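Chemist: My questions all concern the structure below.
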There are 2 protein chains.
Amino acid sequence: MATPEQIREVVAQYAKRVAAGSASEIADLYTPDAIVEDPVGTPPHEGRAAIESFYGALSQAEITTELQGVRVAGNSAAFGLKVIAKTGDQTITVEPIDVMTFGDDGKITSMRAFWSQDDMTVE
Amino acid sequence: MATPEQIREVVAQYAKRVAAGSASEIADLYTPDAIVEDPVGTPPHEGRAAIESFYGALSQAEITTELQGVRVAGNSAAFGLKVIAKTGDQTITVEPIDVMTFGDDGKITSMRAFWSQDDMTVE
């Protein structure tokens with residue numbers, strides 16, 4: 001099983017790469033057959049190509065992220081992630097709680113993001 | 001499907017009952033065949049009797065709770081819940097992130113609490 005230290009390091013890397021990494025660098029944190037459901041209740045993105053394509057949408061924006069309290073339990077982590085995306089003269093802020101599971105090698109096997117319109121502001 | 005308003009109301013009731021309700025009143029918020037995994041990675045408590053017994057441990061302590069940011073997505077909710085338990089001259093504070101799923105009637109069908117010793121203080 002991945003250690004709590006490994007899991008915390010991957011979560012920190014995830015927050016960093018969502019802000020400043022490419023879609024490919026974000027997808028590198030996942031296993032090849034990982035599943036991303038964001039937001040929870042919508043059809044999941046399964047596998048490397050779908051996941052990289054999903055994060056590709058971020059490349060249009062200037063993004064900053066802020067981790068808000070990482071909890072590690074077993075092979076899982078839950079944390080708040082404030083994502084601020086600037087595109088043109090619009091600033092979109094989304095504040096999901098993300099839940100991730102991890103494989104033995106510390107790669108992310110699944111990510112589920114809990115949020116709705118209520119957790120998003122557009123300025 | 002339960003509405004976001006129903007889900008938020010049940011989450012608020014849950015925080016209130018963990019602080020001031022009996023184990024039976026907390027268990028009333030769950031479906032009869034619900035599953036509680038607290039913390040994530042430990043054997044789950046399945047069904048009404050097991051769940052009521054699990055929350056029975058709380059009745060030894062004077063408890064206050066504080067909800068920290070409820071996110072609703074689909075039939076699920078994720079939220080921080082600060083739980084402060086005073087027993088004798090000891091104060092235990094635990095700050096899990098809880099994830100719940102809900103049935104059509106707004107009852108809780110599962111609860112998973114993400115936390116470890118790192119999220120607990122004893123004073």
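As shown in the structure tokens, the chain order sets the letters A, B, ...; within each chain, residues go from 1, and ligands are also counted from 1 in the order they appear.
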Report as a Markdown table: every residue of chain A with an atom at most 10 Å from chain B, its closest pair of atoms, and their distance in Å to one decimal, counting only C-alpha atoms, with rows sorted by chain and ascending residue number.

Modeler:
```
| residue | atom | partner | partner_atom | distance |
| --- | --- | --- | --- | --- |
| A:Pro4 | CA | B:Ser116 | CA | 9.6 |
| A:Asp38 | CA | B:Ala73 | CA | 9.4 |
| A:Pro39 | CA | B:Ala73 | CA | 6.6 |
| A:Val40 | CA | B:Ala73 | CA | 5.4 |
| A:Gly41 | CA | B:Gly74 | CA | 4.6 |
| A:Thr42 | CA | B:Gly74 | CA | 8.0 |
| A:Gly69 | CA | B:Ile97 | CA | 9.1 |
| A:Val70 | CA | B:Trp115 | CA | 8.9 |
| A:Arg71 | CA | B:Trp115 | CA | 5.2 |
| A:Val72 | CA | B:Trp115 | CA | 5.8 |
| A:Ala73 | CA | B:Trp115 | CA | 5.4 |
| A:Gly74 | CA | B:Gly41 | CA | 4.6 |
| A:Asn75 | CA | B:Gly41 | CA | 7.3 |
| A:Ser76 | CA | B:Val40 | CA | 7.7 |
| A:Ala77 | CA | B:Phe114 | CA | 7.0 |
| A:Ala78 | CA | B:Phe114 | CA | 6.4 |
| A:Phe79 | CA | B:Ile97 | CA | 7.6 |
| A:Gly80 | CA | B:Gly80 | CA | 9.1 |
| A:Glu95 | CA | B:Arg71 | CA | 8.7 |
| A:Pro96 | CA | B:Arg71 | CA | 7.0 |
| A:Ile97 | CA | B:Ala78 | CA | 6.6 |
| A:Asp98 | CA | B:Ala78 | CA | 8.8 |
| A:Val99 | CA | B:Val99 | CA | 8.9 |
| A:Ala113 | CA | B:Ala73 | CA | 8.4 |
| A:Phe114 | CA | B:Ala73 | CA | 5.4 |
| A:Trp115 | CA | B:Arg71 | CA | 5.2 |
| A:Ser116 | CA | B:Ala73 | CA | 5.7 |
| A:Gln117 | CA | B:Ala73 | CA | 9.4 |
| A:Asp118 | CA | B:Arg71 | CA | 8.0 |
| A:Asp119 | CA | B:Arg71 | CA | 7.1 |
```

Chemist: Please, which residues of chain B, numbered as in this document, come out helix (DSSP H, G or I) from DSSP, as an NGL selection string?

Modeler: :B and (4-20 or 23-27 or 48-60 or 117-119)

Chemist: Extract, using only C-alpha atoms, all DNA, RNA and protein residues at most 12 Å from segment 48-59 of chain A, discarding same-chain residues fewer than 6 positions from it, and format them as a ChimeraX atom specification.

Modeler: /A:14,17-39,83-87,92,108-111

Chemist: Considering only strand (DSSP E or B) as DSSP defines it on the backbone, what residues of segment 64-119 of chain B qualify? List them as number ranges by chain.

Modeler: B: 64-73, 76-87, 90-94, 97-102, 108-114

Chemist: To one decimal place in Å, what is the distance between atom CA of Thr91 of chain B and atom CA of Val122 of chain B?

Modeler: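 Atom CA of Thr91 of chain B sits 5.7 Å away from atom CA of Val122 of chain B.
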